[in-house]
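J.: This one is work_16.cif, mmCIF, C-alpha atoms.
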```
data_entry
loop_
_atom_site.group_PDB
_atom_site.id
_atom_site.type_symbol
_atom_site.label_atom_id
_atom_site.label_comp_id
_atom_site.auth_asym_id
_atom_site.auth_seq_id
_atom_site.Cartn_x
_atom_site.Cartn_y
_atom_site.Cartn_z
ATOM 1 C CA MET O 130 135.461 -65.591 14.555
ATOM 2 C CA SER O 131 132.826 -64.698 17.209
ATOM 3 C CA ASP O 132 133.121 -61.593 19.265
ATOM 4 C CA GLN O 133 133.904 -62.080 22.997
ATOM 5 C CA ILE O 134 133.357 -59.561 25.780
ATOM 6 C CA LEU O 135 135.850 -59.870 28.566
ATOM 7 C CA LEU O 136 134.660 -58.761 32.064
ATOM 8 C CA ARG O 137 137.530 -57.488 34.106
ATOM 9 C CA THR O 138 137.351 -57.218 37.926
ATOM 10 C CA THR O 139 139.255 -54.281 39.287
ATOM 11 C CA PRO O 140 140.630 -53.969 42.853
ATOM 12 C CA LYS O 141 137.946 -51.298 43.455
ATOM 13 C CA ASP O 142 135.199 -53.785 42.486
ATOM 14 C CA LEU O 143 136.635 -56.376 44.876
ATOM 15 C CA LEU O 144 136.623 -53.889 47.744
ATOM 16 C CA GLN O 145 133.010 -52.901 47.060
ATOM 17 C CA SER O 146 131.960 -56.564 46.858
ATOM 18 C CA LYS O 147 133.649 -57.367 50.178
ATOM 19 C CA ALA O 148 132.097 -54.308 51.800
ATOM 20 C CA SER O 149 128.647 -55.362 50.611
ATOM 21 C CA PHE O 150 129.212 -58.895 51.920
ATOM 22 C CA PHE O 151 130.276 -57.653 55.365
ATOM 23 C CA ARG O 152 127.332 -55.256 55.518
ATOM 24 C CA LYS O 153 124.986 -58.211 54.975
ATOM 25 C CA ILE O 154 126.732 -60.211 57.704
ATOM 26 C CA ILE O 155 126.488 -57.306 60.142
ATOM 27 C CA LEU O 156 122.775 -56.823 59.369
ATOM 28 C CA MET O 157 122.130 -60.521 59.922
ATOM 29 C CA ILE O 158 123.933 -60.428 63.282
ATOM 30 C CA LEU O 159 122.004 -57.320 64.351
ATOM 31 C CA PHE O 160 118.696 -58.898 63.339
ATOM 32 C CA SER O 161 119.564 -62.050 65.259
ATOM 33 C CA ILE O 162 120.448 -60.038 68.378
ATOM 34 C CA CYS O 163 117.237 -57.984 68.149
ATOM 35 C CA PHE O 164 115.050 -61.068 67.625
ATOM 36 C CA SER O 165 116.755 -62.893 70.499
ATOM 37 C CA GLY O 166 116.288 -59.858 72.707
ATOM 38 C CA PHE O 167 112.604 -59.653 71.765
ATOM 39 C CA ALA O 168 112.082 -63.325 72.603
ATOM 40 C CA GLN O 169 113.923 -62.935 75.905
ATOM 41 C CA ASN O 170 111.931 -59.817 76.804
ATOM 42 C CA LYS O 171 108.680 -61.583 75.952
ATOM 43 C CA LYS O 172 109.678 -64.485 78.180
ATOM 44 C CA ALA O 173 110.838 -62.134 80.926
ATOM 45 C CA ASN O 174 107.509 -60.291 80.793
ATOM 46 C CA SER O 175 105.616 -63.571 81.249
ATOM 47 C CA LYS O 176 104.670 -63.662 84.910
ATOM 48 C CA PHE O 177 103.794 -67.362 85.089
ATOM 49 C CA LYS O 178 102.950 -70.455 83.046
ATOM 50 C CA VAL O 179 99.678 -72.366 82.810
ATOM 51 C CA ILE O 180 99.243 -75.934 81.573
ATOM 52 C CA ALA O 181 95.856 -77.372 80.547
ATOM 53 C CA PHE O 182 95.184 -81.109 80.422
ATOM 54 C CA TYR O 183 92.332 -82.492 78.326
ATOM 55 C CA THR O 184 90.997 -85.654 76.719
ATOM 56 C CA ALA O 185 88.425 -84.313 74.198
ATOM 57 C CA LYS O 186 87.077 -87.729 73.270
ATOM 58 C CA ASN O 187 83.734 -88.097 75.054
ATOM 59 C CA ASP O 188 80.590 -86.003 74.505
ATOM 60 C CA GLN O 189 80.559 -83.435 71.713
ATOM 61 C CA ALA O 190 79.660 -80.664 74.185
ATOM 62 C CA HIS O 191 82.853 -81.263 76.159
ATOM 63 C CA ILE O 192 84.931 -81.591 72.992
ATOM 64 C CA SER O 193 83.531 -78.275 71.759
ATOM 65 C CA PHE O 194 84.435 -76.640 75.079
ATOM 66 C CA VAL O 195 88.015 -77.963 74.935
ATOM 67 C CA HIS O 196 88.514 -76.556 71.418
ATOM 68 C CA GLU O 197 87.024 -73.235 72.524
ATOM 69 C CA ALA O 198 89.250 -73.120 75.613
ATOM 70 C CA ASN O 199 92.394 -73.800 73.600
ATOM 71 C CA LYS O 200 91.592 -70.770 71.437
ATOM 72 C CA TRP O 201 90.437 -68.471 74.249
ATOM 73 C CA PHE O 202 93.205 -69.037 76.801
ATOM 74 C CA PRO O 203 96.104 -68.052 74.495
ATOM 75 C CA LYS O 204 94.390 -64.690 73.861
ATOM 76 C CA ILE O 205 93.862 -64.146 77.580
ATOM 77 C CA ALA O 206 97.460 -65.169 78.255
ATOM 78 C CA GLN O 207 98.778 -62.578 75.816
ATOM 79 C CA GLU O 208 96.583 -59.843 77.315
ATOM 80 C CA ASN O 209 97.604 -60.678 80.893
ATOM 81 C CA HIS O 210 101.275 -61.557 80.365
ATOM 82 C CA PHE O 211 101.378 -65.251 81.145
ATOM 83 C CA GLU O 212 102.099 -68.339 79.046
ATOM 84 C CA TYR O 213 99.522 -71.012 78.180
ATOM 85 C CA ASP O 214 100.278 -74.574 77.080
ATOM 86 C CA SER O 215 97.943 -77.526 76.638
ATOM 87 C CA THR O 216 98.392 -81.280 76.330
ATOM 88 C CA SER O 217 96.309 -84.419 75.959
ATOM 89 C CA ASN O 218 99.158 -86.532 77.342
ATOM 90 C CA TRP O 219 98.140 -87.163 80.949
ATOM 91 C CA ASP O 220 101.478 -88.864 81.614
ATOM 92 C CA ASN O 221 102.864 -85.309 81.720
ATOM 93 C CA LEU O 222 101.340 -85.190 85.185
ATOM 94 C CA ASN O 223 104.699 -85.828 86.812
ATOM 95 C CA ALA O 224 106.865 -83.774 89.145
ATOM 96 C CA LYS O 225 109.475 -82.747 86.549
ATOM 97 C CA PHE O 226 106.915 -81.522 84.020
ATOM 98 C CA LEU O 227 104.667 -79.790 86.557
ATOM 99 C CA ALA O 228 107.616 -77.906 88.064
ATOM 100 C CA GLN O 229 107.486 -75.536 85.055
ATOM 101 C CA TYR O 230 103.939 -74.364 85.815
ATOM 102 C CA LYS O 231 102.179 -72.260 88.446
ATOM 103 C CA VAL O 232 98.650 -73.335 87.446
ATOM 104 C CA VAL O 233 97.170 -76.605 86.143
ATOM 105 C CA LEU O 234 93.796 -76.787 84.365
ATOM 106 C CA PHE O 235 91.609 -79.866 83.826
ATOM 107 C CA LEU O 236 89.428 -78.912 80.861
ATOM 108 C CA ASP O 237 87.269 -82.029 80.783
ATOM 109 C CA THR O 238 88.376 -85.245 82.477
ATOM 110 C CA ARG O 239 90.711 -86.206 85.345
ATOM 111 C CA PRO O 240 93.901 -88.300 85.684
ATOM 112 C CA GLU O 241 93.307 -92.031 85.972
ATOM 113 C CA THR O 242 96.610 -93.777 86.769
ATOM 114 C CA PRO O 243 98.065 -93.963 90.303
ATOM 115 C CA ASN O 244 101.275 -92.173 89.248
ATOM 116 C CA GLN O 245 99.390 -89.294 87.620
ATOM 117 C CA ARG O 246 97.132 -88.889 90.635
ATOM 118 C CA GLU O 247 99.981 -88.991 93.125
ATOM 119 C CA ALA O 248 101.928 -86.361 91.161
ATOM 120 C CA PHE O 249 98.903 -84.057 91.019
ATOM 121 C CA GLN O 250 98.176 -84.407 94.743
ATOM 122 C CA LYS O 251 101.793 -83.584 95.640
ATOM 123 C CA TYR O 252 101.733 -80.624 93.251
ATOM 124 C CA MET O 253 98.685 -79.209 95.013
ATOM 125 C CA GLU O 254 100.003 -79.941 98.506
ATOM 126 C CA ASN O 255 103.177 -78.054 97.592
ATOM 127 C CA GLY O 256 101.287 -74.894 96.640
ATOM 128 C CA GLY O 257 100.417 -75.378 92.970
ATOM 129 C CA GLY O 258 97.340 -73.713 91.447
ATOM 130 C CA PHE O 259 94.385 -75.521 89.889
ATOM 131 C CA ILE O 260 91.166 -74.786 88.013
ATOM 132 C CA GLY O 261 88.862 -77.668 87.137
ATOM 133 C CA PHE O 262 85.970 -77.262 84.714
ATOM 134 C CA HIS O 263 82.598 -79.022 84.595
ATOM 135 C CA PHE O 264 83.229 -82.706 83.796
ATOM 136 C CA SER O 265 86.602 -82.774 85.597
ATOM 137 C CA ALA O 266 84.677 -83.360 88.872
ATOM 138 C CA PHE O 267 82.380 -86.040 87.478
ATOM 139 C CA ALA O 268 82.421 -89.369 89.311
ATOM 140 C CA LEU O 269 79.674 -91.992 89.283
ATOM 141 C CA ASN O 270 80.041 -95.617 90.319
ATOM 142 C CA GLY O 271 79.018 -97.898 87.482
ATOM 143 C CA SER O 272 80.121 -95.394 84.841
ATOM 144 C CA ALA O 273 83.423 -95.066 82.976
ATOM 145 C CA TYR O 274 84.472 -92.553 85.669
ATOM 146 C CA THR O 275 83.893 -94.333 88.966
ATOM 147 C CA GLN O 276 84.429 -92.729 92.351
ATOM 148 C CA ASN O 277 87.744 -94.417 93.037
ATOM 149 C CA TRP O 278 89.804 -91.372 94.094
ATOM 150 C CA ASN O 279 88.709 -90.322 97.566
ATOM 151 C CA TRP O 280 91.280 -87.534 98.061
ATOM 152 C CA TYR O 281 90.245 -85.760 94.857
ATOM 153 C CA HIS O 282 86.452 -86.049 95.020
ATOM 154 C CA ASN O 283 85.852 -85.850 98.790
ATOM 155 C CA THR O 284 88.858 -84.104 100.358
ATOM 156 C CA PHE O 285 90.032 -81.778 97.560
ATOM 157 C CA LEU O 286 86.849 -80.943 95.609
ATOM 158 C CA GLY O 287 84.531 -81.873 98.458
ATOM 159 C CA SER O 288 81.674 -82.623 96.063
ATOM 160 C CA GLY O 289 81.655 -86.409 96.247
ATOM 161 C CA GLU O 290 79.783 -88.221 93.484
ATOM 162 C CA TYR O 291 77.725 -86.747 90.674
ATOM 163 C CA GLY O 292 74.038 -86.708 91.577
ATOM 164 C CA SER O 293 72.068 -85.395 88.596
ATOM 165 C CA ASN O 294 71.962 -82.609 86.017
ATOM 166 C CA THR O 295 69.632 -80.194 84.270
ATOM 167 C CA TRP O 296 68.815 -80.521 80.579
ATOM 168 C CA ARG O 297 68.901 -78.838 78.042
ATOM 169 C CA PRO O 298 71.921 -76.595 78.578
ATOM 170 C CA THR O 299 70.336 -73.416 79.927
ATOM 171 C CA SER O 300 71.499 -70.004 81.101
ATOM 172 C CA ALA O 301 71.069 -69.364 84.819
ATOM 173 C CA VAL O 302 71.149 -66.289 87.026
ATOM 174 C CA LEU O 303 74.177 -66.765 89.270
ATOM 175 C CA ARG O 304 74.732 -65.135 92.663
ATOM 176 C CA ILE O 305 78.026 -64.210 94.348
ATOM 177 C CA GLU O 306 78.135 -65.929 97.753
ATOM 178 C CA SER O 307 81.525 -64.819 99.124
ATOM 179 C CA GLN O 308 84.061 -62.066 98.602
ATOM 180 C CA HIS O 309 87.322 -63.441 97.233
ATOM 181 C CA PRO O 310 90.007 -62.401 94.693
ATOM 182 C CA VAL O 311 88.124 -64.588 92.193
ATOM 183 C CA THR O 312 84.905 -62.583 92.583
ATOM 184 C CA LYS O 313 86.581 -59.159 92.533
ATOM 185 C CA ASN O 314 84.640 -56.600 90.427
ATOM 186 C CA ILE O 315 81.923 -59.136 89.602
ATOM 187 C CA SER O 316 78.323 -57.969 89.987
ATOM 188 C CA LYS O 317 76.264 -59.543 92.789
ATOM 189 C CA THR O 318 74.130 -61.416 90.264
ATOM 190 C CA PHE O 319 74.737 -62.088 86.584
ATOM 191 C CA LYS O 320 73.435 -64.297 83.804
ATOM 192 C CA SER O 321 75.637 -67.223 82.785
ATOM 193 C CA ALA O 322 76.325 -68.821 79.452
ATOM 194 C CA PRO O 323 74.118 -71.864 78.701
ATOM 195 C CA ASN O 324 75.340 -74.857 80.681
ATOM 196 C CA GLU O 325 74.421 -78.317 81.902
ATOM 197 C CA TRP O 326 74.288 -77.824 85.693
ATOM 198 C CA TYR O 327 75.401 -80.547 88.112
ATOM 199 C CA ARG O 328 74.098 -81.605 91.515
ATOM 200 C CA TRP O 329 76.463 -83.423 93.917
ATOM 201 C CA SER O 330 76.098 -86.059 96.633
ATOM 202 C CA ASN O 331 77.837 -83.918 99.288
ATOM 203 C CA ASP O 332 76.399 -80.728 100.767
ATOM 204 C CA LEU O 333 79.314 -78.309 100.358
ATOM 205 C CA ARG O 334 77.782 -75.928 102.930
ATOM 206 C CA LYS O 335 78.581 -78.461 105.644
ATOM 207 C CA ASN O 336 82.273 -78.714 104.731
ATOM 208 C CA PRO O 337 84.359 -76.160 106.722
ATOM 209 C CA ASP O 338 87.203 -76.401 104.182
ATOM 210 C CA ILE O 339 85.006 -75.319 101.261
ATOM 211 C CA LYS O 340 84.237 -71.688 100.471
ATOM 212 C CA ILE O 341 81.343 -71.376 98.033
ATOM 213 C CA LEU O 342 81.875 -68.373 95.762
ATOM 214 C CA VAL O 343 78.978 -68.609 93.287
ATOM 215 C CA ALA O 344 75.613 -70.395 93.434
ATOM 216 C CA ILE O 345 72.477 -70.562 91.304
ATOM 217 C CA ASP O 346 70.066 -67.790 92.235
ATOM 218 C CA ASP O 347 66.453 -68.681 93.039
ATOM 219 C CA SER O 348 65.258 -66.463 90.191
ATOM 220 C CA SER O 349 66.636 -69.108 87.785
ATOM 221 C CA PHE O 350 63.933 -71.649 88.685
ATOM 222 C CA PRO O 351 62.554 -73.559 86.925
ATOM 223 C CA LEU O 352 65.967 -74.377 85.441
ATOM 224 C CA GLY O 353 66.188 -76.716 82.461
ATOM 225 C CA THR O 354 63.624 -77.709 79.855
ATOM 226 C CA GLY O 355 63.616 -81.514 80.078
ATOM 227 C CA PRO O 356 62.070 -83.539 78.484
ATOM 228 C CA LYS O 357 62.494 -85.669 81.656
ATOM 229 C CA PRO O 358 60.900 -84.092 84.763
ATOM 230 C CA ASN O 359 64.027 -84.745 86.890
ATOM 231 C CA GLU O 360 66.065 -82.659 84.396
ATOM 232 C CA ILE O 361 64.149 -79.536 85.438
ATOM 233 C CA TRP O 362 65.046 -78.049 88.832
ATOM 234 C CA HIS O 363 62.338 -76.121 90.665
ATOM 235 C CA GLU O 364 64.139 -75.370 93.941
ATOM 236 C CA GLY O 365 67.262 -76.097 95.972
ATOM 237 C CA TYR O 366 70.752 -74.819 96.668
ATOM 238 C CA TYR O 367 73.324 -75.462 93.933
ATOM 239 C CA PRO O 368 76.945 -74.220 94.240
ATOM 240 C CA VAL O 369 78.665 -73.780 90.881
ATOM 241 C CA VAL O 370 82.022 -72.164 91.765
ATOM 242 C CA TRP O 371 83.967 -72.888 94.931
ATOM 243 C CA THR O 372 87.442 -73.140 96.431
ATOM 244 C CA ASN O 373 89.048 -75.352 99.074
ATOM 245 C CA LYS O 374 90.692 -73.135 101.725
ATOM 246 C CA ASN O 375 93.578 -75.604 102.126
ATOM 247 C CA TYR O 376 94.653 -75.324 98.500
ATOM 248 C CA LYS O 377 95.101 -72.755 95.751
ATOM 249 C CA MET O 378 92.253 -74.128 93.689
ATOM 250 C CA LEU O 379 88.930 -73.417 92.023
ATOM 251 C CA TYR O 380 86.203 -75.646 90.663
ATOM 252 C CA VAL O 381 83.926 -74.157 87.988
ATOM 253 C CA ASN O 382 80.786 -76.083 87.013
ATOM 254 C CA MET O 383 80.648 -74.292 83.645
ATOM 255 C CA GLY O 384 82.193 -75.959 80.603
ATOM 256 C CA HIS O 385 79.406 -77.655 78.636
ATOM 257 C CA ASN O 386 78.548 -75.937 75.350
ATOM 258 C CA ASP O 387 75.084 -76.368 73.877
ATOM 259 C CA ILE O 388 75.118 -78.729 70.889
ATOM 260 C CA ASP O 389 72.568 -79.441 68.148
ATOM 261 C CA TYR O 390 72.033 -83.112 69.018
ATOM 262 C CA GLU O 391 68.392 -83.167 67.899
ATOM 263 C CA ASN O 392 69.169 -82.507 64.233
ATOM 264 C CA LYS O 393 72.326 -84.633 64.459
ATOM 265 C CA THR O 394 74.535 -81.836 63.122
ATOM 266 C CA ASN O 395 76.673 -81.624 66.312
ATOM 267 C CA LYS O 396 76.867 -77.902 65.631
ATOM 268 C CA THR O 397 77.890 -75.752 68.619
ATOM 269 C CA LEU O 398 74.947 -73.532 69.604
ATOM 270 C CA SER O 399 76.587 -71.669 72.503
ATOM 271 C CA TYR O 400 80.109 -70.895 73.714
ATOM 272 C CA THR O 401 81.128 -70.751 77.370
ATOM 273 C CA PHE O 402 83.732 -67.982 77.109
ATOM 274 C CA GLU O 403 81.496 -65.628 75.129
ATOM 275 C CA ASN O 404 79.993 -64.608 78.479
ATOM 276 C CA LYS O 405 82.271 -61.755 79.597
ATOM 277 C CA VAL O 406 81.243 -61.567 83.257
ATOM 278 C CA GLN O 407 81.562 -65.311 83.750
ATOM 279 C CA SER O 408 84.904 -65.332 81.930
ATOM 280 C CA GLN O 409 86.232 -62.576 84.205
ATOM 281 C CA LEU O 410 85.967 -65.029 87.096
ATOM 282 C CA ILE O 411 88.435 -67.298 85.292
ATOM 283 C CA VAL O 412 90.837 -64.435 84.558
ATOM 284 C CA ASN O 413 90.644 -63.346 88.196
ATOM 285 C CA ALA O 414 91.393 -66.890 89.325
ATOM 286 C CA LEU O 415 94.410 -67.250 87.032
ATOM 287 C CA LEU O 416 95.907 -63.948 88.176
ATOM 288 C CA TRP O 417 95.250 -64.785 91.840
ATOM 289 C CA MET O 418 96.990 -68.165 91.535
ATOM 290 C CA GLY O 419 99.710 -67.191 89.095
ATOM 291 C CA ASN O 420 100.865 -64.055 90.883
ATOM 292 C CA SER O 421 100.842 -65.448 94.417
ATOM 293 C CA LYS O 422 103.783 -67.175 96.031
ATOM 294 C CA LYS O 423 103.960 -70.937 95.722
#
```
Translate the structure of the given file into structure tokens.
T.:
Amino acid sequence: MSDQILLRTTPKDLLQSKASFFRKIILMILFSICFSGFAQNKKANSKFKVIAFYTAKNDQAHISFVHEANKWFPKIAQENHFEYDSTSNWDNLNAKFLAQYKVVLFLDTRPETPNQREAFQKYMENGGGFIGFHFSAFALNGSAYTQNWNWYHNTFLGSGEYGSNTWRPTSAVLRIESQHPVTKNISKTFKSAPNEWYRWSNDLRKNPDIKILVAIDDSSFPLGTGPKPNEIWHEGYYPVVWTNKNYKMLYVNMGHNDIDYENKTNKTLSYTFENKVQSQLIVNALLWMGNSKK
């Protein structure tokens, strides 16, 4: 006959077991309340929300910039107490979706469908904020991005069609042209990150609605290395950051990282947001738009 050990549960054991169980429940409830409170406080401390639209399909330099932006903006959002979201679904350009956000960014391209364009125009006319980077202003008849949106390219941006660009991506000395919340605490001249610089069909100086904030300084010339002669600028006036006085908006010509095309590695050779002075312009713009009344 095998020995058996009988385990007996006493009333005292039952009480201790129940007490332990209830202590665990109470701790779980307290943790849940604290976590919920933390999430609510974090949301309450967020002053505004930013949404970035992108395509990231054409030109490795633009794709590199989009990936960089989607890493850089969340860090800036955390430091400055706003929320940053991004999407490649341009159908989110509709009134219901945009109502959540104080500022819209176009990181590379632009909306193409009539519904998307109409929603964006109404958003801006109703006081929304906007920052467009580099290729978001590109329009050239005969290309994949034709000039078929007059309000955006001529009325809103004021730039008209793309005219030409420098090559290779090159740093330039930039000059502050106007005092504005965007240019606050920015030195009169500063060196930019390497960029492919654009020339436009319209002379922005002749448009009374446009306020040019930053232009290429003459000390930058010759700008570009070619190899084509027309890719090297020797003189001229080239705005690179401006706002339309009728809207809460900013266009920034920067947003083209240098890429190792020659060796076919597609390796990123420069990053736009590594330039601290230039990046401060973007932070200033976000805070100006996000903290002002709609």
J.: Could you tell me which of O:Gln207, O:Thr238, O:Gln250, O:Arg328 comes closest to Ala224 (chain O) if we count all atoms listed in the file?
T.: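 Checking each candidate against Ala224 (chain O), we get O:Gln250 as the closest.
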J.: By how many Å are CA of Arg246 (chain O) and CA of Ser408 (chain O) apart?
T.: 27.9 Å
J.: Would you write out, as a list in words, every residue that the PyMOL selection byres ((chain O and resi 299) around 10) captures in this file?
T.: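 For this structure, the PyMOL selection byres ((chain O and resi 299) around 10) captures Thr295, Trp296, Arg297, Pro298, Ser300, Ala301, Ser321, Ala322, Pro323, Asn324, Glu325, Trp326, Ser349, Leu352, Gly353, Thr354, Asn386, Asp387 and Ser399 of chain O.
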J.: Export C-alpha atoms of the chosen residues as a CSV table (one decimal), in the frame of the given file?
T.:
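Dumped to selection29.csv:
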```csv
chain,number,residue,atom,x,y,z
O,295,THR,CA,69.6,-80.2,84.3
O,296,TRP,CA,68.8,-80.5,80.6
O,297,ARG,CA,68.9,-78.8,78.0
O,298,PRO,CA,71.9,-76.6,78.6
O,300,SER,CA,71.5,-70.0,81.1
O,301,ALA,CA,71.1,-69.4,84.8
O,321,SER,CA,75.6,-67.2,82.8
O,322,ALA,CA,76.3,-68.8,79.5
O,323,PRO,CA,74.1,-71.9,78.7
O,324,ASN,CA,75.3,-74.9,80.7
O,325,GLU,CA,74.4,-78.3,81.9
O,326,TRP,CA,74.3,-77.8,85.7
O,349,SER,CA,66.6,-69.1,87.8
O,352,LEU,CA,66.0,-74.4,85.4
O,353,GLY,CA,66.2,-76.7,82.5
O,354,THR,CA,63.6,-77.7,79.9
O,386,ASN,CA,78.5,-75.9,75.4
O,387,ASP,CA,75.1,-76.4,73.9
O,399,SER,CA,76.6,-71.7,72.5
```
J.: Determine the residue membership of the PyMOL selection byres ((chain O and resi 188) around 12) for the file above and supply it as a list of chain:residue names.
T.: O:Thr184, O:Ala185, O:Lys186, O:Asn187, O:Gln189, O:Ala190, O:His191, O:Ile192, O:Ser193, O:Phe194, O:Val195, O:Asp237, O:Thr238, O:Phe264, O:Gly384, O:His385, O:Asn386, O:Asp387, O:Ile388, O:Tyr390, O:Asn395
J.: Emit as lines of an AutoDock Vina configuration file the padded axis-aligned box for all listed atoms of region 289-293 of chain O, 5 Å per side, with centre and edge lengths in Å to one decimal.
T.:
```
center_x = 76.9
center_y = -86.8
center_z = 92.4
size_x = 19.6
size_y = 12.8
size_z = 17.7
```
J.: Set the distance at 12 Å and use all atoms listed in the file: which residues neighbour Glu208 (chain O) once local chain neighbours fewer than 2 positions away are removed? I'd like the list as number ranges by chain.
T.: O: 174-176, 201-206, 210-213, 412, 416
J.: As a check of understanding, name the residues that the PyMOL selection byres ((chain O and resi 367) around 7) selects in the supplied structure, as a list in words.
T.: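 Applied to this file, the PyMOL selection byres ((chain O and resi 367) around 7) selects Arg328, Ala344, Ile345, Gly365, Tyr366, Pro368 and Val369 of chain O.
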J.: Just add N, CA, C and O atoms to region 287-302 of chain O and send it as a tab-separated table (two decimals), in the frame of the given file.
T.:
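Result file follows (selection-v9.tsv):
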```
chain	number	residue	atom	x	y	z
O	287	GLY	N	85.57	-81.87	97.44
O	287	GLY	CA	84.53	-81.87	98.46
O	287	GLY	C	83.15	-82.25	97.96
O	287	GLY	O	82.22	-82.40	98.74
O	288	SER	N	83.00	-82.42	96.66
O	288	SER	CA	81.67	-82.62	96.06
O	288	SER	C	81.16	-84.05	96.16
O	288	SER	O	79.94	-84.28	96.12
O	289	GLY	N	82.07	-85.02	96.26
O	289	GLY	CA	81.66	-86.41	96.25
O	289	GLY	C	81.26	-86.85	94.85
O	289	GLY	O	81.83	-86.42	93.86
O	290	GLU	N	80.23	-87.71	94.78
O	290	GLU	CA	79.78	-88.22	93.48
O	290	GLU	C	78.83	-87.25	92.78
O	290	GLU	O	78.18	-86.42	93.41
O	291	TYR	N	78.75	-87.41	91.48
O	291	TYR	CA	77.72	-86.75	90.67
O	291	TYR	C	76.36	-87.25	91.10
O	291	TYR	O	76.16	-88.45	91.34
O	292	GLY	N	75.38	-86.31	91.19
O	292	GLY	CA	74.04	-86.71	91.58
O	292	GLY	C	73.06	-86.67	90.43
O	292	GLY	O	72.41	-87.67	90.12
O	293	SER	N	72.96	-85.53	89.75
O	293	SER	CA	72.07	-85.40	88.60
O	293	SER	C	72.42	-84.11	87.87
O	293	SER	O	73.33	-83.39	88.28
O	294	ASN	N	71.70	-83.84	86.78
O	294	ASN	CA	71.96	-82.61	86.02
O	294	ASN	C	70.68	-82.07	85.41
O	294	ASN	O	69.68	-82.78	85.28
O	295	THR	N	70.73	-80.80	85.03
O	295	THR	CA	69.63	-80.19	84.27
O	295	THR	C	69.83	-80.51	82.78
O	295	THR	O	70.92	-80.84	82.35
O	296	TRP	N	68.76	-80.39	82.04
O	296	TRP	CA	68.82	-80.52	80.58
O	296	TRP	C	67.63	-79.74	80.00
O	296	TRP	O	66.60	-79.67	80.65
O	297	ARG	N	67.78	-79.13	78.89
O	297	ARG	CA	68.90	-78.84	78.04
O	297	ARG	C	69.86	-77.87	78.71
O	297	ARG	O	69.51	-77.27	79.74
O	298	PRO	N	71.04	-77.66	78.09
O	298	PRO	CA	71.92	-76.60	78.58
O	298	PRO	C	71.19	-75.26	78.57
O	298	PRO	O	70.64	-74.85	77.55
O	299	THR	N	71.15	-74.62	79.74
O	299	THR	CA	70.34	-73.42	79.93
O	299	THR	C	71.11	-72.36	80.69
O	299	THR	O	71.89	-72.68	81.59
O	300	SER	N	70.91	-71.10	80.33
O	300	SER	CA	71.50	-70.00	81.10
O	300	SER	C	70.83	-69.95	82.47
O	300	SER	O	69.65	-70.26	82.62
O	301	ALA	N	71.61	-69.54	83.47
O	301	ALA	CA	71.07	-69.36	84.82
O	301	ALA	C	71.50	-68.01	85.35
O	301	ALA	O	72.52	-67.45	84.92
O	302	VAL	N	70.72	-67.48	86.29
O	302	VAL	CA	71.15	-66.29	87.03
O	302	VAL	C	72.01	-66.79	88.18
O	302	VAL	O	71.55	-67.62	88.98
```
